[in-house]
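Undergrad: So that we are looking at the same thing, I have put the structure below in structure tokens.
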Amino acid sequence: MSAPPIISACPEVLVLRHGQTEWNAAGRLQGHLDSPLTEIGLRQAQRQNETLLDYDLDGFRFITSPQGRARKTAQLALAGIVAEIETSEELKEINMGQWSGITRAEIAAERKMRLQDLGELQIYDWTPGGETTAQLFARCARFLVQLTGPAVLVTHGMTSLCLRLCALGWGLDRLADLPRAQGVVYRVKAGRHDEL
């Protein structure tokens with residue numbers, strides 16, 4: 001699947017993944033569920049703030065996922081920069097369905113697979129009652145098409161990947177080609193990807 005042609009003209013986007021959460025640290029998949037940021041996660045959001053304070057954000061919109069871990073990250077990362085932060089349901093994390101809140105080891109056991117054979121990304125397409133990566137990709141494309149100017153987007157791991165793929169005009173076959181670290185600010189501008 002490729003992004004619609006209009007995405008190739010996407011305005012500049014700065015994409016932040018939320019800081020580490022208790023469930024990230026425990027290896028639990030969150031999906032549409034939530035857990036609080038850890039101390040590491042709070043420091044990661046502060047580091048994002050330090051990065052953004054040095055960046056010219058004149059004319060940018062500031063939009064976050066409505067999920068608690070992203071909203072808390074947005075509050076910290078955008079402190080002293082903007083008072084009003086918009087929310088968008090389209091920035092929520094991929095829906096993990098029946099696998100929300102469980103670990104990869106539990107998924108491997110359920111599927112009678114060795115953990116090392118589970119892979120990093122394909123499990124998102126196996127989720128019972130969840131959202132596929134293609135569905136998430138389409139959701140991200142719909143979101144980006146409506147942007148009329150540059151934006152700072154605070155979101156989640158898989159959603160961050162799909163947003164950046166769409167903004168670059170890349171297809172889902174490149175999903176593993178992008179980094180997905182916490183505590184950094186990724187920029188997609190004029191068809192190029194980098195980290196601030």
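In the structure tokens, chains take the letters A, B, ... in the order shown, each chain's residues start at 1, and ligands count up from 1 in the order shown.
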Taking 4 positions as the minimum chain separation for residues in the same chain, which residues sit within 10 Å of Ser65 (chain A) when counting only C-alpha atoms? Answer as number ranges by chain.
TA: A: 18, 69-71, 74, 86-93, 153-156, 159
Undergrad: Mind writing the picked residues with all heavy atoms as a tab-separated table (two decimals), in the first residue's frame?
TA:
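Written out: result_25.tsv:
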chain	number	residue	atom	x	y	z
A	18	HIS	N	5.29	9.36	22.62
A	18	HIS	CA	5.21	9.58	24.07
A	18	HIS	C	6.41	8.97	24.79
A	18	HIS	O	7.06	8.06	24.28
A	18	HIS	CB	3.90	9.01	24.63
A	18	HIS	CG	3.81	7.51	24.49
A	18	HIS	ND1	4.49	6.64	25.30
A	18	HIS	CD2	3.13	6.75	23.61
A	18	HIS	CE1	4.22	5.39	24.94
A	18	HIS	NE2	3.40	5.44	23.90
A	69	ARG	N	-1.02	8.90	28.06
A	69	ARG	CA	0.44	8.93	27.98
A	69	ARG	C	0.92	9.95	26.96
A	69	ARG	O	1.94	10.60	27.16
A	69	ARG	CB	1.00	7.54	27.69
A	69	ARG	CG	0.54	6.89	26.39
A	69	ARG	CD	0.87	5.41	26.40
A	69	ARG	NE	0.60	4.70	25.17
A	69	ARG	CZ	-0.55	4.13	24.85
A	69	ARG	NH1	-1.59	4.23	25.69
A	69	ARG	NH2	-0.70	3.47	23.72
A	70	ALA	N	0.16	10.12	25.88
A	70	ALA	CA	0.53	11.13	24.87
A	70	ALA	C	0.19	12.53	25.37
A	70	ALA	O	0.98	13.47	25.18
A	70	ALA	CB	-0.19	10.84	23.55
A	71	ARG	N	-0.96	12.69	26.02
A	71	ARG	CA	-1.34	14.01	26.54
A	71	ARG	C	-0.34	14.50	27.57
A	71	ARG	O	0.06	15.67	27.57
A	71	ARG	CB	-2.76	13.97	27.14
A	71	ARG	CG	-3.86	14.01	26.11
A	71	ARG	CD	-5.24	14.34	26.68
A	71	ARG	NE	-5.40	14.14	28.10
A	71	ARG	CZ	-5.87	13.02	28.66
A	71	ARG	NH1	-6.21	11.99	27.93
A	71	ARG	NH2	-6.00	12.94	29.97
A	74	ALA	N	2.75	15.53	25.79
A	74	ALA	CA	2.53	16.81	25.10
A	74	ALA	C	2.60	17.98	26.08
A	74	ALA	O	3.21	19.02	25.78
A	74	ALA	CB	1.18	16.80	24.38
A	86	GLU	N	-4.30	20.91	20.63
A	86	GLU	CA	-5.46	20.22	20.07
A	86	GLU	C	-5.33	18.72	20.31
A	86	GLU	O	-4.22	18.22	20.51
A	86	GLU	CB	-5.54	20.46	18.56
A	86	GLU	CG	-5.64	21.90	18.13
A	86	GLU	CD	-5.54	22.03	16.62
A	86	GLU	OE1	-6.31	21.34	15.90
A	86	GLU	OE2	-4.69	22.81	16.15
A	87	THR	N	-6.45	18.01	20.24
A	87	THR	CA	-6.41	16.55	20.27
A	87	THR	C	-7.06	16.01	19.00
A	87	THR	O	-7.94	16.65	18.43
A	87	THR	CB	-7.12	15.96	21.51
A	87	THR	OG1	-8.48	16.36	21.49
A	87	THR	CG2	-6.46	16.40	22.79
A	88	SER	N	-6.61	14.85	18.59
A	88	SER	CA	-7.21	14.17	17.44
A	88	SER	C	-7.26	12.68	17.69
A	88	SER	O	-6.23	12.06	18.00
A	88	SER	CB	-6.40	14.46	16.17
A	88	SER	OG	-6.90	13.67	15.09
A	89	GLU	N	-8.44	12.10	17.53
A	89	GLU	CA	-8.61	10.66	17.66
A	89	GLU	C	-7.74	9.90	16.65
A	89	GLU	O	-7.34	8.77	16.90
A	89	GLU	CB	-10.09	10.28	17.45
A	89	GLU	CG	-11.02	10.76	18.55
A	89	GLU	CD	-10.86	9.98	19.84
A	89	GLU	OE1	-10.69	8.75	19.77
A	89	GLU	OE2	-10.91	10.61	20.91
A	90	GLU	N	-7.46	10.54	15.51
A	90	GLU	CA	-6.68	9.86	14.47
A	90	GLU	C	-5.22	9.66	14.87
A	90	GLU	O	-4.50	8.91	14.21
A	90	GLU	CB	-6.81	10.61	13.15
A	90	GLU	CG	-8.22	10.48	12.58
A	90	GLU	CD	-8.38	11.16	11.25
A	90	GLU	OE1	-7.98	12.32	11.13
A	90	GLU	OE2	-8.92	10.51	10.34
A	91	LEU	N	-4.78	10.30	15.95
A	91	LEU	CA	-3.40	10.13	16.43
A	91	LEU	C	-3.29	9.05	17.52
A	91	LEU	O	-2.21	8.83	18.04
A	91	LEU	CB	-2.85	11.46	16.94
A	91	LEU	CG	-2.66	12.56	15.89
A	91	LEU	CD1	-2.08	13.81	16.52
A	91	LEU	CD2	-1.80	12.07	14.74
A	92	LYS	N	-4.41	8.39	17.83
A	92	LYS	CA	-4.36	7.30	18.82
A	92	LYS	C	-3.46	6.17	18.32
A	92	LYS	O	-3.21	6.04	17.13
A	92	LYS	CB	-5.77	6.74	19.07
A	92	LYS	CG	-6.67	7.68	19.86
A	92	LYS	CD	-8.06	7.14	19.97
A	92	LYS	CE	-8.17	6.20	21.14
A	92	LYS	NZ	-9.59	5.92	21.49
A	93	GLU	N	-3.02	5.35	19.27
A	93	GLU	CA	-2.19	4.20	18.92
A	93	GLU	C	-3.05	3.14	18.21
A	93	GLU	O	-4.28	3.14	18.32
A	93	GLU	CB	-1.54	3.61	20.18
A	93	GLU	CG	-0.65	2.40	19.94
A	93	GLU	CD	0.53	2.64	18.98
A	93	GLU	OE1	0.30	3.03	17.82
A	93	GLU	OE2	1.68	2.37	19.39
A	153	LEU	N	3.18	16.85	16.21
A	153	LEU	CA	2.24	15.76	16.48
A	153	LEU	C	2.80	14.89	17.60
A	153	LEU	O	3.90	14.37	17.48
A	153	LEU	CB	2.02	14.92	15.22
A	153	LEU	CG	1.69	15.71	13.94
A	153	LEU	CD1	1.63	14.77	12.75
A	153	LEU	CD2	0.39	16.48	14.11
A	154	VAL	N	2.04	14.73	18.67
A	154	VAL	CA	2.45	13.88	19.79
A	154	VAL	C	1.60	12.63	19.75
A	154	VAL	O	0.37	12.70	19.84
A	154	VAL	CB	2.32	14.61	21.14
A	154	VAL	CG1	2.85	13.72	22.27
A	154	VAL	CG2	3.06	15.95	21.10
A	155	THR	N	2.25	11.48	19.61
A	155	THR	CA	1.51	10.26	19.34
A	155	THR	C	2.21	9.05	19.95
A	155	THR	O	2.85	9.15	21.00
A	155	THR	CB	1.27	10.14	17.81
A	155	THR	OG1	0.41	9.05	17.54
A	155	THR	CG2	2.56	10.02	17.03
A	156	HIS	N	2.14	7.91	19.27
A	156	HIS	CA	2.57	6.61	19.81
A	156	HIS	C	3.50	5.92	18.82
A	156	HIS	O	3.68	6.37	17.70
A	156	HIS	CB	1.33	5.75	20.06
A	156	HIS	CG	0.30	6.45	20.88
A	156	HIS	ND1	0.25	6.36	22.26
A	156	HIS	CD2	-0.71	7.30	20.52
A	156	HIS	CE1	-0.76	7.12	22.71
A	156	HIS	NE2	-1.34	7.69	21.68
A	159	THR	N	1.80	4.50	15.45
A	159	THR	CA	1.18	5.64	14.76
A	159	THR	C	2.26	6.60	14.26
A	159	THR	O	2.17	7.12	13.15
A	159	THR	CB	0.19	6.35	15.69
A	159	THR	OG1	-0.73	5.38	16.22
A	159	THR	CG2	-0.61	7.42	14.95
Undergrad: Tell me, as a count of residues only, which residues lie within 10 Å of Asp34 (chain A), counting only C-alpha atoms; anything in the same chain fewer than 5 positions away does not count.
TA: 10
Undergrad: Using only C-alpha atoms, which residues sit within 12 Å of Pro128 (chain A) once same-chain residues fewer than 6 positions away are excluded, as a list of chain:residue names?
TA: A:Asn95, A:Met96, A:Gly97, A:Gln98, A:Trp99, A:Ser100, A:Ile107, A:Glu110, A:Arg111
Undergrad: Just the number, please: distance in Å from CA of Arg28 (chain A) to CA of Ile85 (chain A), one decimal.
TA: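 About the pair CA of Arg28 (chain A) and CA of Ile85 (chain A): they are 27.8 Å apart.
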Undergrad: So that I can check the surroundings of Thr38 (chain A), please list as an MDAnalysis selection string every protein, DNA and RNA residue that reaches within 9 Å of it, counting only C-alpha atoms and ignoring chain neighbours fewer than 4 positions away.
TA: chainID A and resid 19:22 25 42:43
Undergrad: Please indicate the distance in Å from CA of Ala181 (chain A) to CA of Ala141 (chain A), rounded to one decimal place.
TA: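 About the pair CA of Ala181 (chain A) and CA of Ala141 (chain A): they are 21.4 Å apart.
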Undergrad: Between A:Arg61, A:Arg104, A:Lys112, A:Arg47, which has the minimum distance to Gly27 (chain A) (counting only C-alpha atoms)?
TA: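 Of A:Arg61, A:Arg104, A:Lys112, A:Arg47, the one nearest Gly27 (chain A) is A:Arg104, counting only C-alpha atoms.
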Undergrad: Pull the strand (DSSP E or B) assignments for region 59-95 of chain A out of DSSP run on the backbone, and list those residues as a count of residues only.
TA: 6
Undergrad: Name all residues at most 10 Å from region 182-191 of chain A (count only C-alpha atoms; drop same-chain ones fewer than 6 positions away) and give them as a PyMOL selection string.
TA: chain A and resi 7-20+40-49+51-52+73+77+150+152-154+156-157+160+163-170
Undergrad: Name the closest residue to Tyr55 (chain A) among the candidates A:Ala176, A:Leu78, A:Leu136, A:Ala109; distances are taken between atoms, counting only C-alpha atoms.
TA: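 Under the stated criterion, the closest residue is A:Leu78.
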Undergrad: What does the structure give for the distance between CA of Thr64 (chain A) and CA of Glu84 (chain A), in Å to one decimal?
TA: 10.7 Å
Undergrad: Apply DSSP to the structure's backbone, then extract all residues of region 10-142 of chain A labelled helix (DSSP H, G or I) and return them as a PyMOL selection string.
TA: chain A and resi 22-26+39-53+68-77+89-91+97-99+104-110+115-117+122-125+133-142
